[in-house]
file protein-v1.txt (compact mmCIF, N, CA and C atoms)
# COMPACT_ATOMS: atom_id res chain seq x y z
N MET A 199 0.85 -1.18 0.00
CA MET A 199 0.00 0.00 0.00
C MET A 199 0.90 1.24 0.00
N SER A 200 0.65 2.12 -0.95
CA SER A 200 1.51 3.30 -1.07
C SER A 200 1.10 4.38 -0.07
N LEU A 201 2.04 5.28 0.18
CA LEU A 201 1.77 6.39 1.10
C LEU A 201 0.66 7.30 0.57
N SER A 202 0.56 7.41 -0.73
CA SER A 202 -0.51 8.24 -1.32
C SER A 202 -1.89 7.68 -1.00
N ILE A 203 -2.01 6.37 -1.04
CA ILE A 203 -3.29 5.74 -0.73
C ILE A 203 -3.61 5.92 0.76
N ILE A 204 -2.59 5.79 1.61
CA ILE A 204 -2.80 6.01 3.04
C ILE A 204 -3.20 7.45 3.30
N HIS A 205 -2.55 8.38 2.61
CA HIS A 205 -2.88 9.81 2.75
C HIS A 205 -4.33 10.06 2.34
N ALA A 206 -4.76 9.47 1.25
CA ALA A 206 -6.15 9.64 0.80
C ALA A 206 -7.12 8.99 1.78
N GLY A 207 -6.74 7.83 2.31
CA GLY A 207 -7.60 7.17 3.30
C GLY A 207 -7.72 7.96 4.59
N LEU A 208 -6.61 8.57 5.03
CA LEU A 208 -6.66 9.42 6.22
C LEU A 208 -7.54 10.65 5.98
N ALA A 209 -7.52 11.17 4.76
CA ALA A 209 -8.38 12.32 4.45
C ALA A 209 -9.85 11.92 4.56
N GLN A 210 -10.18 10.75 4.04
CA GLN A 210 -11.56 10.27 4.13
C GLN A 210 -11.95 10.04 5.59
N SER A 211 -11.03 9.45 6.35
CA SER A 211 -11.29 9.22 7.78
C SER A 211 -11.47 10.54 8.53
N ALA A 212 -10.65 11.52 8.21
CA ALA A 212 -10.75 12.83 8.87
C ALA A 212 -12.09 13.49 8.57
N THR A 213 -12.54 13.36 7.33
CA THR A 213 -13.84 13.92 6.95
C THR A 213 -14.97 13.27 7.75
N LEU A 214 -14.97 11.96 7.78
CA LEU A 214 -16.03 11.24 8.50
C LEU A 214 -15.95 11.48 10.00
N PHE A 215 -14.73 11.59 10.54
CA PHE A 215 -14.57 11.82 11.97
C PHE A 215 -15.08 13.21 12.35
N ALA A 216 -14.81 14.21 11.50
CA ALA A 216 -15.31 15.56 11.78
C ALA A 216 -16.84 15.59 11.73
N ILE A 217 -17.42 14.87 10.79
CA ILE A 217 -18.88 14.78 10.71
C ILE A 217 -19.43 14.14 11.98
N ALA A 218 -18.81 13.04 12.42
CA ALA A 218 -19.27 12.34 13.62
C ALA A 218 -19.18 13.24 14.85
N LEU A 219 -18.08 13.97 14.99
CA LEU A 219 -17.94 14.88 16.13
C LEU A 219 -18.99 16.00 16.10
N GLY A 220 -19.25 16.52 14.90
CA GLY A 220 -20.26 17.57 14.76
C GLY A 220 -21.65 17.08 15.11
N ILE A 221 -22.00 15.90 14.63
CA ILE A 221 -23.32 15.33 14.93
C ILE A 221 -23.43 15.02 16.42
N TRP A 222 -22.36 14.52 17.01
CA TRP A 222 -22.34 14.22 18.43
C TRP A 222 -22.56 15.50 19.25
N ALA A 223 -21.89 16.59 18.84
CA ALA A 223 -22.07 17.86 19.55
C ALA A 223 -23.51 18.37 19.40
N ILE A 224 -24.08 18.24 18.21
CA ILE A 224 -25.47 18.68 18.03
C ILE A 224 -26.41 17.83 18.89
N PHE A 225 -26.15 16.52 18.95
CA PHE A 225 -26.96 15.64 19.79
C PHE A 225 -26.89 16.09 21.25
N LEU A 226 -25.69 16.41 21.72
CA LEU A 226 -25.55 16.89 23.10
C LEU A 226 -26.28 18.22 23.28
N ARG A 227 -26.23 19.09 22.29
CA ARG A 227 -26.90 20.39 22.37
C ARG A 227 -28.42 20.21 22.43
N ILE A 228 -28.95 19.33 21.63
CA ILE A 228 -30.40 19.07 21.63
C ILE A 228 -30.85 18.58 23.00
N ARG A 229 -30.02 17.78 23.64
CA ARG A 229 -30.35 17.26 24.96
C ARG A 229 -29.97 18.24 26.08
N SER A 230 -29.48 19.43 25.71
CA SER A 230 -29.06 20.47 26.67
C SER A 230 -28.00 19.95 27.64
N ARG A 231 -27.09 19.16 27.11
CA ARG A 231 -26.00 18.63 27.92
C ARG A 231 -24.70 19.28 27.47
N PRO A 232 -23.79 19.52 28.40
CA PRO A 232 -22.50 20.10 28.01
C PRO A 232 -21.60 19.05 27.36
N LEU A 233 -20.58 19.53 26.68
CA LEU A 233 -19.59 18.62 26.13
C LEU A 233 -18.87 17.96 27.29
N ASP A 234 -18.72 16.64 27.21
CA ASP A 234 -18.11 15.92 28.32
C ASP A 234 -16.71 15.43 27.94
N GLY A 235 -16.09 14.72 28.86
CA GLY A 235 -14.74 14.22 28.63
C GLY A 235 -14.65 13.27 27.45
N ASN A 236 -15.70 12.51 27.22
CA ASN A 236 -15.71 11.61 26.07
C ASN A 236 -15.63 12.39 24.77
N TRP A 237 -16.39 13.48 24.68
CA TRP A 237 -16.38 14.28 23.46
C TRP A 237 -15.02 14.95 23.28
N TYR A 238 -14.48 15.49 24.35
CA TYR A 238 -13.16 16.12 24.25
C TYR A 238 -12.08 15.10 23.92
N GLY A 239 -12.23 13.86 24.38
CA GLY A 239 -11.32 12.80 23.97
C GLY A 239 -11.41 12.53 22.48
N GLY A 240 -12.64 12.55 21.96
CA GLY A 240 -12.82 12.42 20.52
C GLY A 240 -12.18 13.58 19.77
N LEU A 241 -12.27 14.76 20.34
CA LEU A 241 -11.64 15.93 19.73
C LEU A 241 -10.13 15.74 19.67
N ALA A 242 -9.54 15.20 20.74
CA ALA A 242 -8.10 14.95 20.76
C ALA A 242 -7.71 13.91 19.70
N VAL A 243 -8.52 12.86 19.57
CA VAL A 243 -8.26 11.85 18.54
C VAL A 243 -8.36 12.48 17.15
N GLY A 244 -9.33 13.35 16.95
CA GLY A 244 -9.46 14.05 15.67
C GLY A 244 -8.25 14.90 15.36
N GLU A 245 -7.70 15.56 16.35
CA GLU A 245 -6.51 16.38 16.13
C GLU A 245 -5.30 15.49 15.81
N ILE A 246 -5.18 14.37 16.49
CA ILE A 246 -4.09 13.43 16.18
C ILE A 246 -4.22 12.94 14.75
N LEU A 247 -5.44 12.67 14.32
CA LEU A 247 -5.69 12.25 12.94
C LEU A 247 -5.26 13.34 11.95
N MET A 248 -5.58 14.59 12.26
CA MET A 248 -5.18 15.71 11.38
C MET A 248 -3.67 15.86 11.33
N VAL A 249 -3.01 15.72 12.48
CA VAL A 249 -1.55 15.85 12.52
C VAL A 249 -0.90 14.72 11.72
N ALA A 250 -1.42 13.50 11.85
CA ALA A 250 -0.88 12.38 11.08
C ALA A 250 -1.07 12.62 9.58
N GLN A 251 -2.23 13.11 9.22
CA GLN A 251 -2.52 13.42 7.81
C GLN A 251 -1.55 14.48 7.29
N PHE A 252 -1.33 15.53 8.08
CA PHE A 252 -0.45 16.61 7.69
C PHE A 252 1.00 16.12 7.56
N ALA A 253 1.44 15.33 8.54
CA ALA A 253 2.81 14.81 8.51
C ALA A 253 3.03 13.91 7.30
N LEU A 254 2.08 13.06 7.02
CA LEU A 254 2.19 12.18 5.86
C LEU A 254 2.20 13.00 4.56
N GLY A 255 1.42 14.06 4.53
CA GLY A 255 1.43 14.94 3.37
C GLY A 255 2.79 15.58 3.15
N TRP A 256 3.44 15.99 4.23
CA TRP A 256 4.78 16.58 4.10
C TRP A 256 5.79 15.54 3.65
N ILE A 257 5.65 14.31 4.11
CA ILE A 257 6.55 13.24 3.66
C ILE A 257 6.37 13.04 2.15
N LEU A 258 5.14 13.00 1.69
CA LEU A 258 4.87 12.85 0.25
C LEU A 258 5.42 14.04 -0.53
N TYR A 259 5.24 15.23 0.03
CA TYR A 259 5.74 16.43 -0.65
C TYR A 259 7.27 16.38 -0.73
N GLY A 260 7.91 15.91 0.35
CA GLY A 260 9.36 15.79 0.36
C GLY A 260 9.88 14.77 -0.63
N GLN A 261 9.06 13.79 -0.95
CA GLN A 261 9.44 12.78 -1.93
C GLN A 261 9.23 13.26 -3.36
N GLY A 262 8.76 14.48 -3.51
CA GLY A 262 8.57 15.04 -4.84
C GLY A 262 7.18 14.86 -5.42
N LEU A 263 6.26 14.28 -4.66
CA LEU A 263 4.92 14.08 -5.18
C LEU A 263 4.09 15.37 -5.19
N GLY A 264 4.57 16.40 -4.51
CA GLY A 264 3.86 17.67 -4.52
C GLY A 264 3.89 18.36 -5.87
N ASP A 265 4.87 17.97 -6.69
CA ASP A 265 4.97 18.57 -8.03
C ASP A 265 3.81 18.15 -8.92
N ASP A 266 3.17 17.03 -8.59
CA ASP A 266 2.04 16.54 -9.38
C ASP A 266 0.74 17.27 -9.07
N LEU A 267 0.70 17.98 -7.93
CA LEU A 267 -0.53 18.69 -7.54
C LEU A 267 -0.69 19.94 -8.39
N PRO A 268 -1.92 20.21 -8.86
CA PRO A 268 -2.13 21.40 -9.69
C PRO A 268 -1.89 22.70 -8.90
N ARG A 269 -2.29 22.72 -7.64
CA ARG A 269 -2.10 23.90 -6.79
C ARG A 269 -1.60 23.43 -5.43
N ALA A 270 -0.33 23.07 -5.39
CA ALA A 270 0.24 22.49 -4.17
C ALA A 270 0.15 23.45 -2.99
N PHE A 271 0.40 24.75 -3.23
CA PHE A 271 0.38 25.70 -2.13
C PHE A 271 -1.00 25.76 -1.47
N VAL A 272 -2.05 25.75 -2.26
CA VAL A 272 -3.41 25.81 -1.71
C VAL A 272 -3.71 24.54 -0.93
N HIS A 273 -3.26 23.40 -1.43
CA HIS A 273 -3.46 22.13 -0.73
C HIS A 273 -2.76 22.16 0.64
N ILE A 274 -1.53 22.65 0.65
CA ILE A 274 -0.78 22.76 1.91
C ILE A 274 -1.43 23.77 2.84
N LEU A 275 -1.95 24.85 2.30
CA LEU A 275 -2.63 25.85 3.12
C LEU A 275 -3.87 25.25 3.79
N TYR A 276 -4.65 24.47 3.05
CA TYR A 276 -5.80 23.80 3.65
C TYR A 276 -5.35 22.84 4.75
N GLY A 277 -4.23 22.16 4.53
CA GLY A 277 -3.70 21.27 5.56
C GLY A 277 -3.32 22.03 6.82
N ALA A 278 -2.70 23.19 6.67
CA ALA A 278 -2.32 24.00 7.83
C ALA A 278 -3.55 24.49 8.57
N VAL A 279 -4.57 24.89 7.83
CA VAL A 279 -5.82 25.33 8.47
C VAL A 279 -6.45 24.16 9.24
N ALA A 280 -6.40 22.98 8.66
CA ALA A 280 -6.97 21.81 9.34
C ALA A 280 -6.23 21.51 10.65
N ILE A 281 -4.93 21.75 10.66
CA ILE A 281 -4.13 21.49 11.87
C ILE A 281 -4.46 22.48 12.99
N ILE A 282 -4.65 23.75 12.63
CA ILE A 282 -4.83 24.76 13.69
C ILE A 282 -6.29 24.98 14.10
N THR A 283 -7.23 24.44 13.35
CA THR A 283 -8.64 24.71 13.63
C THR A 283 -9.08 24.22 15.00
N LEU A 284 -8.86 22.96 15.31
CA LEU A 284 -9.35 22.41 16.58
C LEU A 284 -8.65 23.02 17.80
N PRO A 285 -7.32 23.14 17.81
CA PRO A 285 -6.70 23.79 18.98
C PRO A 285 -7.13 25.24 19.15
N ALA A 286 -7.24 25.98 18.05
CA ALA A 286 -7.67 27.38 18.16
C ALA A 286 -9.09 27.47 18.69
N ALA A 287 -9.96 26.60 18.20
CA ALA A 287 -11.35 26.60 18.67
C ALA A 287 -11.40 26.24 20.15
N TYR A 288 -10.60 25.27 20.56
CA TYR A 288 -10.59 24.88 21.96
C TYR A 288 -10.13 26.02 22.85
N VAL A 289 -9.06 26.69 22.47
CA VAL A 289 -8.55 27.80 23.29
C VAL A 289 -9.58 28.92 23.39
N TYR A 290 -10.20 29.25 22.26
CA TYR A 290 -11.16 30.35 22.25
C TYR A 290 -12.46 29.97 22.96
N LEU A 291 -13.00 28.81 22.64
CA LEU A 291 -14.32 28.44 23.15
C LEU A 291 -14.29 27.96 24.60
N SER A 292 -13.13 27.54 25.08
CA SER A 292 -13.07 27.09 26.48
C SER A 292 -13.31 28.23 27.45
N LYS A 293 -13.19 29.47 26.99
CA LYS A 293 -13.43 30.64 27.85
C LYS A 293 -14.91 30.99 27.96
N LEU A 294 -15.74 30.41 27.11
CA LEU A 294 -17.17 30.69 27.16
C LEU A 294 -17.80 30.00 28.36
N GLU A 295 -18.70 30.68 29.00
CA GLU A 295 -19.36 30.09 30.17
C GLU A 295 -20.66 29.38 29.81
N ASP A 296 -21.31 29.81 28.74
CA ASP A 296 -22.57 29.19 28.33
C ASP A 296 -22.28 27.88 27.60
N GLU A 297 -22.60 26.77 28.25
CA GLU A 297 -22.29 25.46 27.68
C GLU A 297 -23.08 25.16 26.41
N ASN A 298 -24.31 25.65 26.33
CA ASN A 298 -25.11 25.42 25.12
C ASN A 298 -24.49 26.11 23.91
N THR A 299 -24.04 27.33 24.11
CA THR A 299 -23.39 28.06 23.03
C THR A 299 -22.09 27.38 22.63
N LYS A 300 -21.32 26.97 23.62
CA LYS A 300 -20.05 26.29 23.36
C LYS A 300 -20.27 25.01 22.55
N THR A 301 -21.28 24.24 22.92
CA THR A 301 -21.56 22.99 22.22
C THR A 301 -21.95 23.25 20.77
N LEU A 302 -22.80 24.23 20.56
CA LEU A 302 -23.23 24.56 19.20
C LEU A 302 -22.05 25.08 18.37
N LEU A 303 -21.21 25.91 18.94
CA LEU A 303 -20.07 26.45 18.20
C LEU A 303 -19.05 25.36 17.88
N PHE A 304 -18.85 24.42 18.78
CA PHE A 304 -17.94 23.31 18.47
C PHE A 304 -18.51 22.46 17.33
N ALA A 305 -19.81 22.28 17.27
CA ALA A 305 -20.41 21.54 16.16
C ALA A 305 -20.14 22.28 14.84
N ILE A 306 -20.29 23.60 14.86
CA ILE A 306 -20.01 24.39 13.65
C ILE A 306 -18.55 24.26 13.25
N VAL A 307 -17.65 24.30 14.23
CA VAL A 307 -16.22 24.15 13.95
C VAL A 307 -15.94 22.79 13.32
N CYS A 308 -16.58 21.75 13.80
CA CYS A 308 -16.37 20.41 13.24
C CYS A 308 -16.85 20.34 11.79
N PHE A 309 -17.98 20.96 11.50
CA PHE A 309 -18.47 20.95 10.12
C PHE A 309 -17.60 21.84 9.22
N PHE A 310 -17.04 22.91 9.77
CA PHE A 310 -16.08 23.73 9.03
C PHE A 310 -14.84 22.89 8.71
N LEU A 311 -14.36 22.15 9.69
CA LEU A 311 -13.19 21.31 9.48
C LEU A 311 -13.47 20.24 8.43
N MET A 312 -14.66 19.69 8.44
CA MET A 312 -15.04 18.73 7.42
C MET A 312 -14.91 19.35 6.03
N GLU A 313 -15.40 20.56 5.89
CA GLU A 313 -15.33 21.24 4.59
C GLU A 313 -13.89 21.57 4.19
N VAL A 314 -13.07 21.92 5.14
CA VAL A 314 -11.66 22.20 4.85
C VAL A 314 -10.98 20.95 4.29
N VAL A 315 -11.24 19.81 4.91
CA VAL A 315 -10.62 18.56 4.44
C VAL A 315 -11.17 18.19 3.06
N ILE A 316 -12.45 18.39 2.84
CA ILE A 316 -13.03 18.11 1.51
C ILE A 316 -12.41 19.02 0.46
N ARG A 317 -12.26 20.30 0.78
CA ARG A 317 -11.66 21.24 -0.19
C ARG A 317 -10.21 20.89 -0.47
N ALA A 318 -9.47 20.45 0.56
CA ALA A 318 -8.08 20.05 0.34
C ALA A 318 -8.02 18.86 -0.64
N ARG A 319 -8.94 17.93 -0.47
CA ARG A 319 -8.98 16.78 -1.38
C ARG A 319 -9.33 17.24 -2.80
N ASP A 320 -10.32 18.12 -2.91
CA ASP A 320 -10.72 18.60 -4.24
C ASP A 320 -9.59 19.35 -4.94
N VAL A 321 -8.83 20.13 -4.17
CA VAL A 321 -7.70 20.85 -4.77
C VAL A 321 -6.64 19.85 -5.24
N ALA A 322 -6.41 18.79 -4.45
CA ALA A 322 -5.41 17.79 -4.84
C ALA A 322 -5.82 17.04 -6.09
N LEU A 323 -7.12 16.82 -6.25
CA LEU A 323 -7.59 16.06 -7.41
C LEU A 323 -7.69 16.92 -8.67
N GLY A 324 -7.59 18.23 -8.48
CA GLY A 324 -7.61 19.12 -9.63
C GLY A 324 -8.96 19.53 -9.94
call {"tool": "encode", "arguments": {"input": "protein-v1.txt", "output": "structure tokens"}}
result
Amino acid sequence: MSLSIIHAGLAQSATLFAIALGIWAIFLRIRSRPLDGNWYGGLAVGEILMVAQFALGWILYGQGLGDDLPRAFVHILYGAVAIITLPAAYVYLSKLEDENTKTLLFAIVCFFLMEVVIRARDVALG
């Protein structure tokens, strides 16, 4: 199995994981429950997935496969945004006192992250 296939598979996994986290946050919001340790654990797993995806992308780029991308800079930019989205959201939203608002905003962040990963894939495919 080539690194390119693993990179593409991680992108698909990251997309589905972001969707699952977003739906989970909406479910908690509907039930008027705050985000719990289980959800934040999922958030940490999602960030590890993004970092692995980004690192593998850099390995592929270092091997010269970035030359095949039509807009490599934009693809890398989407990857950087994907890396900083969850930590930035956590730092900013952890200061909010209203748990319902925090839950809803984290769901929006997860769906934003899903779209970032989809756009990165679309840019890579041309």
call {"tool": "atom_distance", "arguments": {"input": "protein-v1.txt", "atom1": "atom C of Lys293 of chain A", "atom2": "atom C of Leu275 of chain A"}}
result
27.2 Å
call {"tool": "atom_distance", "arguments": {"input": "protein-v1.txt", "atom1": "atom N of Asp234 of chain A", "atom2": "atom N of Ser292 of chain A"}}
result
12.4 Å
call {"tool": "residues_around", "arguments": {"input": "protein-v1.txt", "residues": "Leu291 of chain A", "least_positions_apart": "5", "cutoff": "8 Å", "atoms": "only N, CA and C atoms", "output": "list in words"}}
result
Pro285, Ala286, Thr299, Lys300, Leu303 and Phe304 of chain A
call {"tool": "residues_around", "arguments": {"input": "protein-v1.txt", "residues": "Ala318 of chain A", "least_positions_apart": "4", "cutoff": "7 Å", "atoms": "only C-alpha atoms", "output": "list in words"}}
result
His273, Tyr276, Gly277, Val314 and Ala322 of chain A
call {"tool": "atom_distance", "arguments": {"input": "protein-v1.txt", "atom1": "atom N of Asp265 of chain A", "atom2": "atom C of Phe309 of chain A"}}
result
27.8 Å
call {"tool": "select_by_dssp", "arguments": {"input": "protein-v1.txt", "residues": "chain A", "states": "helix (DSSP H, G or I)", "output": "JSON, numbers by chain"}}
result
{"A": [201, 202, 203, 204, 205, 206, 207, 208, 209, 210, 211, 212, 213, 214, 215, 216, 217, 218, 219, 220, 221, 222, 223, 224, 225, 226, 227, 228, 235, 236, 237, 238, 239, 240, 241, 242, 243, 244, 245, 246, 247, 248, 249, 250, 251, 252, 253, 254, 255, 256, 257, 258, 259, 260, 263, 264, 265, 266, 270, 271, 272, 273, 274, 275, 276, 277, 278, 279, 280, 281, 282, 283, 284, 285, 286, 287, 288, 289, 290, 291, 297, 298, 299, 300, 301, 302, 303, 304, 305, 306, 307, 308, 309, 310, 311, 312, 313, 314, 315, 316, 317, 318, 319, 320, 321, 322, 323]}
call {"tool": "residues_around", "arguments": {"input": "protein-v1.txt", "residues": "Val272 of chain A", "least_positions_apart": "6", "cutoff": "12 Å", "atoms": "only C-alpha atoms", "output": "list of chain:residue names"}}
result
A:Gly264, A:Ala278, A:Val279, A:Val314, A:Val315, A:Arg317, A:Ala318, A:Arg319, A:Asp320, A:Val321, A:Ala322, A:Gly324
call {"tool": "write_last_selection", "arguments": {"input": "protein-v1.txt", "atoms": "N, CA and C atoms", "output": "JSON list (two decimals), in the frame of the given file"}}
result
[["chain", "number", "residue", "atom", "x", "y", "z"],
["A", 264, "GLY", "N", 4.57, 16.40, -4.51],
["A", 264, "GLY", "CA", 3.86, 17.67, -4.52],
["A", 264, "GLY", "C", 3.89, 18.36, -5.87],
["A", 278, "ALA", "N", -2.70, 23.19, 6.67],
["A", 278, "ALA", "CA", -2.32, 24.00, 7.83],
["A", 278, "ALA", "C", -3.55, 24.49, 8.57],
["A", 279, "VAL", "N", -4.57, 24.89, 7.83],
["A", 279, "VAL", "CA", -5.82, 25.33, 8.47],
["A", 279, "VAL", "C", -6.45, 24.16, 9.24],
["A", 314, "VAL", "N", -13.07, 21.92, 5.14],
["A", 314, "VAL", "CA", -11.66, 22.20, 4.85],
["A", 314, "VAL", "C", -10.98, 20.95, 4.29],
["A", 315, "VAL", "N", -11.24, 19.81, 4.91],
["A", 315, "VAL", "CA", -10.62, 18.56, 4.44],
["A", 315, "VAL", "C", -11.17, 18.19, 3.06],
["A", 317, "ARG", "N", -12.26, 20.30, 0.78],
["A", 317, "ARG", "CA", -11.66, 21.24, -0.19],
["A", 317, "ARG", "C", -10.21, 20.89, -0.47],
["A", 318, "ALA", "N", -9.47, 20.45, 0.56],
["A", 318, "ALA", "CA", -8.08, 20.05, 0.34],
["A", 318, "ALA", "C", -8.02, 18.86, -0.64],
["A", 319, "ARG", "N", -8.94, 17.93, -0.47],
["A", 319, "ARG", "CA", -8.98, 16.78, -1.38],
["A", 319, "ARG", "C", -9.33, 17.24, -2.80],
["A", 320, "ASP", "N", -10.32, 18.12, -2.91],
["A", 320, "ASP", "CA", -10.72, 18.60, -4.24],
["A", 320, "ASP", "C", -9.59, 19.35, -4.94],
["A", 321, "VAL", "N", -8.83, 20.13, -4.17],
["A", 321, "VAL", "CA", -7.70, 20.85, -4.77],
["A", 321, "VAL", "C", -6.64, 19.85, -5.24],
["A", 322, "ALA", "N", -6.41, 18.79, -4.45],
["A", 322, "ALA", "CA", -5.41, 17.79, -4.84],
["A", 322, "ALA", "C", -5.82, 17.04, -6.09],
["A", 324, "GLY", "N", -7.59, 18.23, -8.48],
["A", 324, "GLY", "CA", -7.61, 19.12, -9.63],
["A", 324, "GLY", "C", -8.96, 19.53, -9.94]]
call {"tool": "residues_around", "arguments": {"input": "protein-v1.txt", "residues": "Gln251 of chain A", "least_positions_apart": "2", "cutoff": "8 Å", "atoms": "all atoms listed in the file", "output": "ChimeraX atom specification"}}
result
/A:204-206,208-209,245-249,253-257,277
call {"tool": "closest_residue", "arguments": {"input": "protein-v1.txt", "among": "A:Leu214, A:Leu284, A:Leu302, A:Leu311", "to": "Leu241 of chain A", "atoms": "all atoms listed in the file"}}
result
A:Leu284
call {"tool": "closest_residue", "arguments": {"input": "protein-v1.txt", "among": "A:Gly262, A:Met199, A:Ile224, A:Leu294", "to": "Cys308 of chain A", "atoms": "only C-alpha atoms"}}
result
A:Ile224
call {"tool": "closest_residue", "arguments": {"input": "protein-v1.txt", "among": "A:Ile228, A:Tyr238, A:Ala250, A:Leu258", "to": "Ser202 of chain A", "atoms": "all atoms listed in the file"}}
result
A:Leu258
call {"tool": "residues_around", "arguments": {"input": "protein-v1.txt", "residues": "Gly244 of chain A", "least_positions_apart": "4", "cutoff": "8 Å", "atoms": "only C-alpha atoms", "output": "count of residues only"}}
result
5
